[in-house]
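Visitor: Can you keep this structure in mind? I'll have questions shortly.
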Amino acid sequence: MLLTLACALLGGLALQRLKVPGGMMVGAVIGASAYNIATGQAYMHPLAKTAAQIAAGAFIGVGVKREDLQQMRALLKVALLVIAGLLVVNIVTGLLICAVSPLDPLTAFMSSAPGGLSDIPVIAAEMGADASQVLALQFVRFVLGIAIFPAAISHVHQEDMSATQHDYKAPQGDWPHTLLTLAVSAVFGLLGKASGMPGGTMAFSTVGTIFFKLSYPKACMLNPMRRAAQWLSGAFVGAGIGMAQVVALQHLALPAVVLIACYSLACVLLGYLLQKLQFFNKRESYLAVTPAGASDMALISADLGVYNVRLVLLQVMRLVAVITLFPTILNAISQCLS
């Protein structure tokens, strides 16, 4: 585990020094996966993922203001639009993958689900899909979401900044209050994990930190904690990527191309629609529909100069919907096609 963390840290620091958007997380994934491919011995305890989700929830929570909560009704409408759009993309992509490959419908649908890299393959295995193929294609979507899209979005020119009037930056604060805030987030996050609710860890830690921040204004999260969370999250993901996934991708080249093409087109179209609705500015609109996990986007968005709390709250809503609703819908459709 220490060697895995060390390789992840080296990769993260290297890309961060090169000023790659989300460089710490992307580099950590590359470093840990490279170590695993070379030795097959990479390991990260599952608590690393939990810790990263708790930290992401804390960062979201400390940035929420009372006026943000007043906009939740409007945010809910946008969330429904994004979730419905991504469900359509998921179904269309799955059908196209079925048409160009021997994958069964359920495996194809779960391979293109816009959820977390560590969550979807587990759910897919429980439903009877081929977990190894799902993991291989989910890795393609993950790289697309945390590396390729953020790098492209970082070059999007911000023509209209009116939608960012509620942007925030996490308070500078101090370490005692940062650790206190993290402790509160951890308590709620562990309650969410114990509840068994899909996406509960991050959802509970976010809500708990929001209430703590509103009742205790000194609550804060210093930036080094965000880097540490990116490092842990990237190391956890990278440790799960080995030679088996690399070999599997050789046989899934065409489905991977379909996946990339469909989500790239969806990001452009849905992002343009959100921009026209004037709820987010241009850069935020594209980030809202980027096919990465909620905790990933919460930790990466600040690297792109985006601090809109509504954006990361939307990602949390999307996370819960994708993990709870999508598998049931996709399973029903796959049974109709079988």
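Each chain of the structure tokens is named A, B, ... in the order shown, its residues numbered from 1; ligands are numbered from 1 in display order.
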Skip stretch 72-85 of chain A itself and residues of its chain fewer than 4 positions away, then list as JSON, numbers by chain all residues within 8 Å of it, counting only C-alpha atoms.
Guide: {"A": [68, 89, 270, 274, 288, 289, 310, 314, 317, 318, 321, 322]}
Visitor: I need the chosen residues saved as a CSV table (one decimal), in the first residue's frame, with all heavy atoms.
Guide:
chain,number,residue,atom,x,y,z
A,68,ASP,N,-27.7,29.9,-1.7
A,68,ASP,CA,-27.6,28.7,-2.6
A,68,ASP,C,-28.7,27.7,-2.3
A,68,ASP,O,-29.2,27.1,-3.2
A,68,ASP,CB,-26.2,28.0,-2.4
A,68,ASP,CG,-25.0,28.9,-2.8
A,68,ASP,OD1,-25.1,29.4,-3.9
A,68,ASP,OD2,-24.1,28.9,-2.1
A,89,VAL,N,-28.4,9.1,-23.2
A,89,VAL,CA,-27.1,8.8,-23.8
A,89,VAL,C,-26.6,7.4,-23.4
A,89,VAL,O,-26.0,6.7,-24.2
A,89,VAL,CB,-26.0,9.8,-23.3
A,89,VAL,CG1,-24.6,9.5,-23.7
A,89,VAL,CG2,-26.4,11.2,-23.8
A,270,LEU,N,-25.5,18.7,-24.5
A,270,LEU,CA,-26.2,19.0,-23.2
A,270,LEU,C,-25.5,20.2,-22.6
A,270,LEU,O,-26.2,21.0,-21.9
A,270,LEU,CB,-26.0,17.8,-22.2
A,270,LEU,CG,-26.9,16.5,-22.6
A,270,LEU,CD1,-26.5,15.4,-21.6
A,270,LEU,CD2,-28.3,16.9,-22.4
A,274,LEU,N,-27.6,23.6,-21.4
A,274,LEU,CA,-27.5,24.2,-20.1
A,274,LEU,C,-27.1,25.7,-20.2
A,274,LEU,O,-27.5,26.5,-19.4
A,274,LEU,CB,-26.6,23.4,-19.2
A,274,LEU,CG,-27.0,22.1,-18.7
A,274,LEU,CD1,-26.0,21.4,-17.8
A,274,LEU,CD2,-28.3,22.1,-18.0
A,288,ALA,N,-20.8,20.2,-16.0
A,288,ALA,CA,-22.0,19.6,-15.4
A,288,ALA,C,-22.4,18.3,-16.0
A,288,ALA,O,-22.9,17.4,-15.4
A,288,ALA,CB,-23.2,20.6,-15.4
A,289,VAL,N,-22.0,18.1,-17.3
A,289,VAL,CA,-22.4,16.9,-18.0
A,289,VAL,C,-21.2,16.0,-18.3
A,289,VAL,O,-21.2,15.1,-19.1
A,289,VAL,CB,-23.2,17.2,-19.3
A,289,VAL,CG1,-24.5,17.8,-18.9
A,289,VAL,CG2,-22.4,18.2,-20.2
A,310,ARG,N,-23.3,25.2,-6.9
A,310,ARG,CA,-24.4,24.5,-7.5
A,310,ARG,C,-24.0,23.4,-8.5
A,310,ARG,O,-24.7,22.4,-8.6
A,310,ARG,CB,-25.3,25.6,-8.3
A,310,ARG,CG,-25.9,26.6,-7.4
A,310,ARG,CD,-26.6,27.7,-8.1
A,310,ARG,NE,-25.7,28.4,-9.0
A,310,ARG,CZ,-26.1,29.3,-9.9
A,310,ARG,NH1,-27.4,29.6,-10.0
A,310,ARG,NH2,-25.2,29.9,-10.6
A,314,LEU,N,-25.1,19.6,-8.0
A,314,LEU,CA,-25.7,18.9,-9.1
A,314,LEU,C,-25.0,17.5,-9.4
A,314,LEU,O,-25.7,16.5,-9.6
A,314,LEU,CB,-25.6,19.7,-10.4
A,314,LEU,CG,-26.0,19.1,-11.7
A,314,LEU,CD1,-27.5,18.7,-11.7
A,314,LEU,CD2,-25.8,20.0,-12.9
A,317,MET,N,-26.3,15.0,-6.8
A,317,MET,CA,-27.7,14.5,-7.2
A,317,MET,C,-27.5,13.5,-8.3
A,317,MET,O,-28.2,12.5,-8.3
A,317,MET,CB,-28.5,15.7,-7.7
A,317,MET,CG,-28.9,16.7,-6.6
A,317,MET,SD,-29.9,18.0,-7.3
A,317,MET,CE,-30.1,19.1,-5.9
A,318,ARG,N,-26.7,13.8,-9.3
A,318,ARG,CA,-26.5,12.9,-10.4
A,318,ARG,C,-25.9,11.5,-9.9
A,318,ARG,O,-26.3,10.5,-10.4
A,318,ARG,CB,-25.5,13.5,-11.4
A,318,ARG,CG,-25.6,12.9,-12.8
A,318,ARG,CD,-24.5,13.5,-13.7
A,318,ARG,NE,-23.3,12.8,-13.6
A,318,ARG,CZ,-22.2,13.1,-14.3
A,318,ARG,NH1,-22.2,14.1,-15.1
A,318,ARG,NH2,-21.1,12.3,-14.2
A,321,ALA,N,-28.6,9.4,-8.3
A,321,ALA,CA,-29.6,8.9,-9.4
A,321,ALA,C,-29.0,7.8,-10.2
A,321,ALA,O,-29.7,6.8,-10.5
A,321,ALA,CB,-30.0,10.1,-10.3
A,322,VAL,N,-27.8,8.0,-10.6
A,322,VAL,CA,-27.1,7.0,-11.5
A,322,VAL,C,-27.0,5.7,-10.8
A,322,VAL,O,-27.2,4.6,-11.4
A,322,VAL,CB,-25.7,7.5,-12.0
A,322,VAL,CG1,-25.0,6.4,-12.7
A,322,VAL,CG2,-25.9,8.7,-13.0
Visitor: Name the residues of stretch 96-201 of chain A that come out as alpha helix (DSSP H) in a backbone DSSP run; write them as a PyMOL selection string.
Guide: chain A and resi 96-100+105-111+120-127+131-143+149-153+175-195+200-201
Visitor: Would you mind listing what lies within 6 Å of stretch 183-199 of chain A as a short mmCIF file (atom, residue, chain, number, x, y, z; two decimals) with N, CA and C atoms, in the first residue's frame, with only C-alpha atoms counted and same-chain residues fewer than 3 positions away left out?
Guide:
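Dumped to result.cif:
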data_model
loop_
_atom_site.label_atom_id
_atom_site.label_comp_id
_atom_site.auth_asym_id
_atom_site.auth_seq_id
_atom_site.Cartn_x
_atom_site.Cartn_y
_atom_site.Cartn_z
N ILE A 54 -15.46 11.57 1.72
CA ILE A 54 -15.75 12.43 2.88
C ILE A 54 -15.12 13.81 2.69
N ALA A 58 -16.95 17.42 2.31
CA ALA A 58 -16.61 18.56 3.17
C ALA A 58 -16.33 19.80 2.34
N LEU A 180 -11.63 20.06 12.38
CA LEU A 180 -12.95 19.94 13.01
C LEU A 180 -14.02 19.71 11.95
N PHE A 204 -24.27 12.08 2.54
CA PHE A 204 -24.42 12.39 3.96
C PHE A 204 -23.34 13.37 4.42
N SER A 205 -22.09 13.17 3.97
CA SER A 205 -21.02 14.06 4.40
C SER A 205 -21.25 15.48 3.88
N GLY A 208 -24.26 16.94 5.95
CA GLY A 208 -23.82 17.20 7.32
C GLY A 208 -22.91 18.42 7.41
N THR A 209 -22.00 18.56 6.44
CA THR A 209 -21.09 19.71 6.44
C THR A 209 -21.84 21.00 6.14
N VAL A 320 -26.25 10.02 -7.01
CA VAL A 320 -27.28 9.21 -6.34
C VAL A 320 -28.25 8.62 -7.35
#
Visitor: Which neighbours of stretch 104-108 of chain A fall inside 9 Å, counting only C-alpha atoms, when residues of the same chain fewer than 2 positions from it are skipped, and could you give them as number ranges by chain?
Guide: A: 93-98, 101-102, 110-113, 124, 127-131, 133-134, 255, 330-331, 333-335, 337-338
Visitor: Keeping only C-alpha atoms, write the selected residues as a tab-separated table (two decimals), in the first residue's frame.
Guide:
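The result, written out as out_23.tsv:
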chain	number	residue	atom	x	y	z
A	93	THR	CA	-24.50	4.14	-26.27
A	94	GLY	CA	-25.34	0.69	-24.89
A	95	LEU	CA	-27.45	-0.17	-27.94
A	96	LEU	CA	-24.65	0.92	-30.29
A	97	ILE	CA	-22.09	-1.13	-28.34
A	98	CYS	CA	-24.40	-4.15	-28.64
A	101	SER	CA	-19.63	-6.05	-30.42
A	102	PRO	CA	-20.58	-9.43	-28.96
A	110	MET	CA	-23.53	-1.00	-17.52
A	111	SER	CA	-20.27	-0.39	-19.40
A	112	SER	CA	-21.57	2.99	-20.53
A	113	ALA	CA	-23.31	4.05	-17.29
A	124	ALA	CA	-22.90	-4.86	-12.68
A	127	MET	CA	-26.79	-8.01	-11.69
A	128	GLY	CA	-25.08	-10.75	-13.72
A	129	ALA	CA	-23.10	-8.64	-16.21
A	130	ASP	CA	-19.47	-9.32	-17.17
A	131	ALA	CA	-17.68	-7.22	-14.52
A	133	GLN	CA	-15.53	-5.93	-19.47
A	134	VAL	CA	-17.59	-3.36	-17.60
A	255	PRO	CA	-16.94	-0.29	-28.11
A	330	LEU	CA	-31.03	-0.63	-17.69
A	331	ASN	CA	-31.73	-4.13	-16.38
A	333	ILE	CA	-34.40	-2.76	-20.95
A	334	SER	CA	-31.77	-5.49	-21.30
A	335	GLN	CA	-34.33	-8.16	-20.32
A	337	LEU	CA	-33.86	-7.16	-25.59
A	338	SER	CA	-32.73	-10.62	-24.51
Visitor: To one decimal in Å, tell me the separation between atom CA of A:Met243 and atom CA of A:Pro46.
Guide: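 Taking atom CA of A:Met243 and atom CA of A:Pro46, their separation equals 20.6 Å.
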Visitor: Can you tell me which residues surround A:Gln16 at a distance of at most 10 Å, considering only C-alpha atoms, apart from same-chain residues fewer than 6 positions away, and format the answer as a PyMOL selection string?
Guide: chain A and resi 10+22-27+227+303
Visitor: Using only C-alpha atoms, pick whichever of A:Asn223, A:Ser285, A:Thr4, A:Thr201 has the shortest atom-to-atom distance to A:Leu311.
Guide: A:Ser285
Visitor: Find the nearest atom pair between each residue of stretch 108-188 of chain A and stretch 262-265 of chain A for residues within 9 Å, count only C-alpha atoms, give distances in Å to one decimal, sort rows by chain and ascending number, and present the table as a Markdown table.
Guide:
| residue | atom | partner | partner_atom | distance |
| --- | --- | --- | --- | --- |
| A:Arg141 | CA | A:Tyr263 | CA | 8.4 |
| A:Leu144 | CA | A:Ser264 | CA | 8.7 |
| A:Phe149 | CA | A:Ser264 | CA | 8.3 |
